[in-house]
Amino acid sequence: MPSGLHIGIDENGLGPRLGPLIVTSVVARVRPGAEAILTEKPQGGLADRLGDSKVMVAHGDVALGEAWAQAIAHRMKQEAECPDDLVNAIALQTRTDLRASCPAHVREQCWNAEGEAFEAKGRQLRAVGSDLDDLAARGVDVIEARSSIVCTRRLNDERAAGRSRFDVDLHAMERMILYYRERFGEDLDVVCGKVGGYARYPDAFGPLAGRMHAVIEEGAARSAYRLPGLGTIAFVRDADAGHLLVSMASMVGKWLREVLMARIVRFYAGGAGVPESASGYHDPVTEKFVAATALIREKRRIPETCFARAEKS
């Protein structure tokens, strides 16, 4: 019996004030009989390197997420010499598509990679690479990671069209699933982090709207569906802490969002009172960053829709 294609998907940056929303997938070929590994609690050294990304990585300390991104890219035969190479190796969109909606004078706010450097050390990279080799030997062969990057401007445009950030998050997950179904031409087994606290998802579908589906279960902790010609999709609460591939996706996405947020901060570096680092979340440092950059943004004609998310969605 051939190995099945399993995918874990999670988001990073759903609730911040600044910076992009990142939706990341990690794909694995899973040998029949090895499926239970996906929901086992990590043991030994793996437990020190993989789990709930909210606990294992944080603003200013995402080297472990970077190590997972580099190790998976290596398995994709994408050797990155710098962070920007890695960003574009795992981005679902092309460089051109990512910049398509950027006004020319704003582009460097989000896409200038000058001065970036890797932070993960050799020992950490080797350990994560060994983790992936061990999993492959046990029947879980991780083959790919991809991230959909949704910039602030697009989030604001979607909101103006009546779609919330939860809609955007869910629809990005749906597009990613359709991308893999078309690419691999086989049914998928997909686990996603819960979106927006929904119990019933088909009513909120965008790209998957109108497709035939059978309800496997619907509830606060888990909602799962079978879609003919596509496979199964489950939305699971706290999946980043309980599903191997979702955990990896969250770690990679955390690193990617940190890199892209740091670009925004560097763009305004040197201004009076501008913090050297800001998470983009609703915290005092980010509030100070927003206030300290106000005159700079006015002088550089930065549209508010390219800088900060609308207050409500």
# chains A, B, ... in the order shown; residues from 1 in each chain; ligands from 1
>>> closest_atom_pairs(of="region 246-266 of chain A", to="region 37-48 of chain A", cutoff="12 Å", atoms="only C-alpha atoms", output="tab-separated table")
residue	atom	partner	partner_atom	distance
A:Val246	CA	A:Leu38	CA	9.2
A:Ser247	CA	A:Leu38	CA	9.9
A:Met248	CA	A:Leu38	CA	11.0
>>> write_last_selection(atoms="N, CA and C atoms", output="CSV table (one decimal), in the first residue's frame")
chain,number,residue,atom,x,y,z
A,246,VAL,N,1.6,20.0,12.1
A,246,VAL,CA,1.1,21.4,12.4
A,246,VAL,C,2.1,22.1,13.3
A,247,SER,N,2.7,21.4,14.2
A,247,SER,CA,3.8,22.0,15.1
A,247,SER,C,4.9,22.5,14.2
A,248,MET,N,5.4,21.7,13.3
A,248,MET,CA,6.5,22.1,12.4
A,248,MET,C,6.0,23.4,11.6
>>> residues_around(residues="Glu11 (chain A)", least_positions_apart="6", cutoff="8 Å", atoms="only C-alpha atoms", output="mmCIF file with N, CA and C atoms, in the first residue's frame")
data_model
loop_
_atom_site.group_PDB
_atom_site.id
_atom_site.type_symbol
_atom_site.label_atom_id
_atom_site.label_comp_id
_atom_site.auth_asym_id
_atom_site.auth_seq_id
_atom_site.Cartn_x
_atom_site.Cartn_y
_atom_site.Cartn_z
ATOM 1 N N LEU A 21 0.087 38.278 7.903
ATOM 2 C CA LEU A 21 -0.473 37.002 8.335
ATOM 3 C C LEU A 21 0.252 35.923 7.531
ATOM 4 N N ILE A 22 0.719 34.890 8.216
ATOM 5 C CA ILE A 22 1.437 33.801 7.574
ATOM 6 C C ILE A 22 0.645 32.512 7.760
ATOM 7 N N VAL A 23 0.382 31.805 6.674
ATOM 8 C CA VAL A 23 -0.272 30.496 6.729
ATOM 9 C C VAL A 23 0.705 29.485 6.148
ATOM 10 N N THR A 24 1.127 28.526 6.970
ATOM 11 C CA THR A 24 2.198 27.608 6.592
ATOM 12 C C THR A 24 1.731 26.165 6.610
ATOM 13 N N ASP A 169 -7.677 33.961 6.660
ATOM 14 C CA ASP A 169 -6.888 32.841 7.162
ATOM 15 C C ASP A 169 -7.440 31.520 6.611
ATOM 16 N N GLY A 193 -4.922 24.055 12.149
ATOM 17 C CA GLY A 193 -5.288 24.679 13.405
ATOM 18 C C GLY A 193 -6.680 25.283 13.293
ATOM 19 N N SER A 250 3.861 25.629 12.375
ATOM 20 C CA SER A 250 3.807 26.797 13.247
ATOM 21 C C SER A 250 5.204 27.324 13.556
ATOM 22 N N GLY A 253 6.422 29.084 10.381
ATOM 23 C CA GLY A 253 5.687 30.329 10.189
ATOM 24 C C GLY A 253 6.077 31.397 11.179
#
>>> select_by_dssp(residues="region 51-168 of chain A", states="helix (DSSP H, G or I)", output="MDAnalysis selection string")
chainID A and resid 53:56 63:75 83:90 95:99 107:111 122:138 152:160 165:168
>>> residues_around(residues="Val236 (chain A)", least_positions_apart="4", cutoff="8 Å", atoms="only C-alpha atoms", output="PyMOL selection string")
chain A and resi 191-194+221-223
>>> write_last_selection(atoms="N, CA and C atoms", output="PDB file, in the first residue's frame")
ATOM      1  N   VAL A 191      -4.661  18.330   8.422  1.00  0.00           N
ATOM      2  CA  VAL A 191      -5.030  18.824   9.741  1.00  0.00           C
ATOM      3  C   VAL A 191      -4.635  20.295   9.824  1.00  0.00           C
ATOM      4  N   CYS A 192      -5.590  21.146  10.162  1.00  0.00           N
ATOM      5  CA  CYS A 192      -5.364  22.586  10.290  1.00  0.00           C
ATOM      6  C   CYS A 192      -5.627  23.022  11.728  1.00  0.00           C
ATOM      7  N   GLY A 193      -4.922  24.055  12.149  1.00  0.00           N
ATOM      8  CA  GLY A 193      -5.288  24.679  13.405  1.00  0.00           C
ATOM      9  C   GLY A 193      -6.680  25.283  13.293  1.00  0.00           C
ATOM     10  N   LYS A 194      -7.444  25.256  14.372  1.00  0.00           N
ATOM     11  CA  LYS A 194      -8.789  25.838  14.371  1.00  0.00           C
ATOM     12  C   LYS A 194      -8.735  27.307  13.973  1.00  0.00           C
ATOM     13  N   ALA A 221     -13.731  21.347  19.781  1.00  0.00           N
ATOM     14  CA  ALA A 221     -12.344  20.875  19.773  1.00  0.00           C
ATOM     15  C   ALA A 221     -11.886  20.412  18.395  1.00  0.00           C
ATOM     16  N   ARG A 222     -12.815  19.888  17.604  1.00  0.00           N
ATOM     17  CA  ARG A 222     -12.432  19.323  16.311  1.00  0.00           C
ATOM     18  C   ARG A 222     -13.624  19.347  15.359  1.00  0.00           C
ATOM     19  N   SER A 223     -13.374  19.773  14.140  1.00  0.00           N
ATOM     20  CA  SER A 223     -14.372  19.707  13.073  1.00  0.00           C
ATOM     21  C   SER A 223     -13.692  19.059  11.875  1.00  0.00           C
TER      22      SER A 223
END
>>> closest_residue(among="A:Gly280, A:Pro32, A:Pro16, A:Gly270", to="Arg138 (chain A)", atoms="only C-alpha atoms")
A:Pro32
>>> closest_residue(among="A:Ala127, A:Leu14, A:Ala239, A:Ile143", to="Asp167 (chain A)", atoms="only C-alpha atoms")
A:Leu14
>>> residues_around(residues="Val30 (chain A)", least_positions_apart="2", cutoff="12 Å", atoms="only C-alpha atoms", output="list in words")
Met1, Pro2, Ser3, Gly4, Leu5, His6, Ile7, Val27, Ala28, Pro32, Gly33, Ala34, Glu35, Ala36, Ile37, Leu38, Leu135, Ala136, Ala137, Arg138, Gly139, Val140, Asp141, Val142, Ile143, Leu188, Asp189, Leu244 and Leu245 of chain A
>>> residues_around(residues="Asn156 (chain A)", least_positions_apart="6", cutoff="12 Å", atoms="only C-alpha atoms", output="PyMOL selection string")
chain A and resi 17-21+150+162-165+168+303-313
>>> closest_residue(among="A:Glu116, A:Glu66, A:Glu158, A:Asp61", to="Cys82 (chain A)", atoms="only C-alpha atoms")
A:Glu116
>>> closest_residue(among="A:Gly229, A:Gly273, A:Gly219, A:Gly242", to="Ser53 (chain A)", atoms="only C-alpha atoms")
A:Gly242
>>> residues_around(residues="Glu218 (chain A)", least_positions_apart="2", cutoff="12 Å", atoms="only C-alpha atoms", output="PyMOL selection string")
chain A and resi 194+197-202+214-216+220-225+233-237
>>> residues_around(residues="Thr293 (chain A)", least_positions_apart="4", cutoff="9 Å", atoms="only C-alpha atoms", output="ChimeraX atom specification")
/A:268,271-274,288-289,297-298
>>> select_by_dssp(residues="region 18-172 of chain A", states="strand (DSSP E)", output="list in words")
Leu21, Ile22, Val23, Thr24, Ser25, Val26, Val27, Ala28, Arg29, Val30, Val140, Asp141, Val142, Ile143, Glu144, Ala145, Arg146, Ser147, Ser148, Ile149 and Val150 of chain A
>>> write_last_selection(atoms="N, CA and C atoms", output="PDB file, in the first residue's frame")
ATOM      1  N   LEU A  21       0.087  38.278   7.903  1.00  0.00           N
ATOM      2  CA  LEU A  21      -0.473  37.002   8.335  1.00  0.00           C
ATOM      3  C   LEU A  21       0.252  35.923   7.531  1.00  0.00           C
ATOM      4  N   ILE A  22       0.719  34.890   8.216  1.00  0.00           N
ATOM      5  CA  ILE A  22       1.437  33.801   7.574  1.00  0.00           C
ATOM      6  C   ILE A  22       0.645  32.512   7.760  1.00  0.00           C
ATOM      7  N   VAL A  23       0.382  31.805   6.674  1.00  0.00           N
ATOM      8  CA  VAL A  23      -0.272  30.496   6.729  1.00  0.00           C
ATOM      9  C   VAL A  23       0.705  29.485   6.148  1.00  0.00           C
ATOM     10  N   THR A  24       1.127  28.526   6.970  1.00  0.00           N
ATOM     11  CA  THR A  24       2.198  27.608   6.592  1.00  0.00           C
ATOM     12  C   THR A  24       1.731  26.165   6.610  1.00  0.00           C
ATOM     13  N   SER A  25       2.213  25.408   5.629  1.00  0.00           N
ATOM     14  CA  SER A  25       1.926  23.974   5.560  1.00  0.00           C
ATOM     15  C   SER A  25       3.231  23.192   5.612  1.00  0.00           C
ATOM     16  N   VAL A  26       3.172  22.021   6.218  1.00  0.00           N
ATOM     17  CA  VAL A  26       4.264  21.047   6.156  1.00  0.00           C
ATOM     18  C   VAL A  26       3.675  19.736   5.660  1.00  0.00           C
ATOM     19  N   VAL A  27       4.338  19.130   4.671  1.00  0.00           N
ATOM     20  CA  VAL A  27       3.830  17.955   3.973  1.00  0.00           C
ATOM     21  C   VAL A  27       4.725  16.756   4.262  1.00  0.00           C
ATOM     22  N   ALA A  28       4.112  15.612   4.478  1.00  0.00           N
ATOM     23  CA  ALA A  28       4.880  14.387   4.695  1.00  0.00           C
ATOM     24  C   ALA A  28       4.226  13.201   4.008  1.00  0.00           C
ATOM     25  N   ARG A  29       5.059  12.305   3.518  1.00  0.00           N
ATOM     26  CA  ARG A  29       4.609  10.992   3.079  1.00  0.00           C
ATOM     27  C   ARG A  29       4.643  10.077   4.307  1.00  0.00           C
ATOM     28  N   VAL A  30       3.512   9.480   4.625  1.00  0.00           N
ATOM     29  CA  VAL A  30       3.410   8.666   5.839  1.00  0.00           C
ATOM     30  C   VAL A  30       3.122   7.218   5.465  1.00  0.00           C
ATOM     31  N   VAL A 140       7.559   8.596   8.665  1.00  0.00           N
ATOM     32  CA  VAL A 140       7.022   9.946   8.424  1.00  0.00           C
ATOM     33  C   VAL A 140       8.108  10.749   7.709  1.00  0.00           C
ATOM     34  N   ASP A 141       7.998  10.830   6.392  1.00  0.00           N
ATOM     35  CA  ASP A 141       9.024  11.465   5.563  1.00  0.00           C
ATOM     36  C   ASP A 141       8.573  12.879   5.194  1.00  0.00           C
ATOM     37  N   VAL A 142       9.071  13.869   5.908  1.00  0.00           N
ATOM     38  CA  VAL A 142       8.721  15.271   5.645  1.00  0.00           C
ATOM     39  C   VAL A 142       9.381  15.704   4.347  1.00  0.00           C
ATOM     40  N   ILE A 143       8.576  16.193   3.416  1.00  0.00           N
ATOM     41  CA  ILE A 143       9.106  16.506   2.087  1.00  0.00           C
ATOM     42  C   ILE A 143       9.050  17.988   1.725  1.00  0.00           C
ATOM     43  N   GLU A 144       8.270  18.780   2.462  1.00  0.00           N
ATOM     44  CA  GLU A 144       8.098  20.155   1.991  1.00  0.00           C
ATOM     45  C   GLU A 144       7.455  21.048   3.049  1.00  0.00           C
ATOM     46  N   ALA A 145       7.767  22.336   2.968  1.00  0.00           N
ATOM     47  CA  ALA A 145       7.047  23.371   3.715  1.00  0.00           C
ATOM     48  C   ALA A 145       6.748  24.515   2.750  1.00  0.00           C
ATOM     49  N   ARG A 146       5.574  25.071   2.862  1.00  0.00           N
ATOM     50  CA  ARG A 146       5.181  26.228   2.050  1.00  0.00           C
ATOM     51  C   ARG A 146       4.423  27.217   2.921  1.00  0.00           C
ATOM     52  N   SER A 147       4.630  28.498   2.654  1.00  0.00           N
ATOM     53  CA  SER A 147       3.931  29.550   3.404  1.00  0.00           C
ATOM     54  C   SER A 147       3.242  30.512   2.456  1.00  0.00           C
ATOM     55  N   SER A 148       2.009  30.821   2.769  1.00  0.00           N
ATOM     56  CA  SER A 148       1.290  31.877   2.078  1.00  0.00           C
ATOM     57  C   SER A 148       1.441  33.149   2.908  1.00  0.00           C
ATOM     58  N   ILE A 149       1.929  34.211   2.283  1.00  0.00           N
ATOM     59  CA  ILE A 149       2.195  35.476   2.970  1.00  0.00           C
ATOM     60  C   ILE A 149       1.097  36.474   2.596  1.00  0.00           C
ATOM     61  N   VAL A 150       0.342  36.914   3.592  1.00  0.00           N
ATOM     62  CA  VAL A 150      -0.751  37.856   3.353  1.00  0.00           C
ATOM     63  C   VAL A 150      -0.360  39.177   4.000  1.00  0.00           C
TER      64      VAL A 150
END
>>> closest_atom_pairs(of="region 153-224 of chain A", to="region 90-103 of chain A", cutoff="9 Å", atoms="only C-alpha atoms", output="JSON lines")
{"residue": "A:Arg153", "atom": "CA", "partner": "A:Ser101", "partner_atom": "CA", "distance": 8.1}
{"residue": "A:Arg154", "atom": "CA", "partner": "A:Ser101", "partner_atom": "CA", "distance": 8.2}
{"residue": "A:Met176", "atom": "CA", "partner": "A:Leu92", "partner_atom": "CA", "distance": 8.3}
>>> write_last_selection(atoms="N, CA and C atoms", output="short mmCIF file (atom, residue, chain, number, x, y, z; two decimals), in the first residue's frame")
data_model
loop_
_atom_site.label_atom_id
_atom_site.label_comp_id
_atom_site.auth_asym_id
_atom_site.auth_seq_id
_atom_site.Cartn_x
_atom_site.Cartn_y
_atom_site.Cartn_z
N ARG A 153 -1.60 45.28 3.56
CA ARG A 153 -2.47 45.92 2.57
C ARG A 153 -3.56 44.96 2.10
N ARG A 154 -3.18 43.72 1.85
CA ARG A 154 -4.19 42.77 1.39
C ARG A 154 -5.22 42.48 2.49
N MET A 176 -4.23 26.55 -0.23
CA MET A 176 -3.06 25.70 -0.09
C MET A 176 -3.44 24.24 -0.30
#
>>> closest_residue(among="A:Lys54, A:Trp255, A:Phe166, A:Arg159", to="Gln70 (chain A)", atoms="only C-alpha atoms")
A:Trp255
>>> closest_residue(among="A:Ala209, A:Val190, A:Met261, A:Ile9", to="Cys151 (chain A)", atoms="only C-alpha atoms")
A:Met261
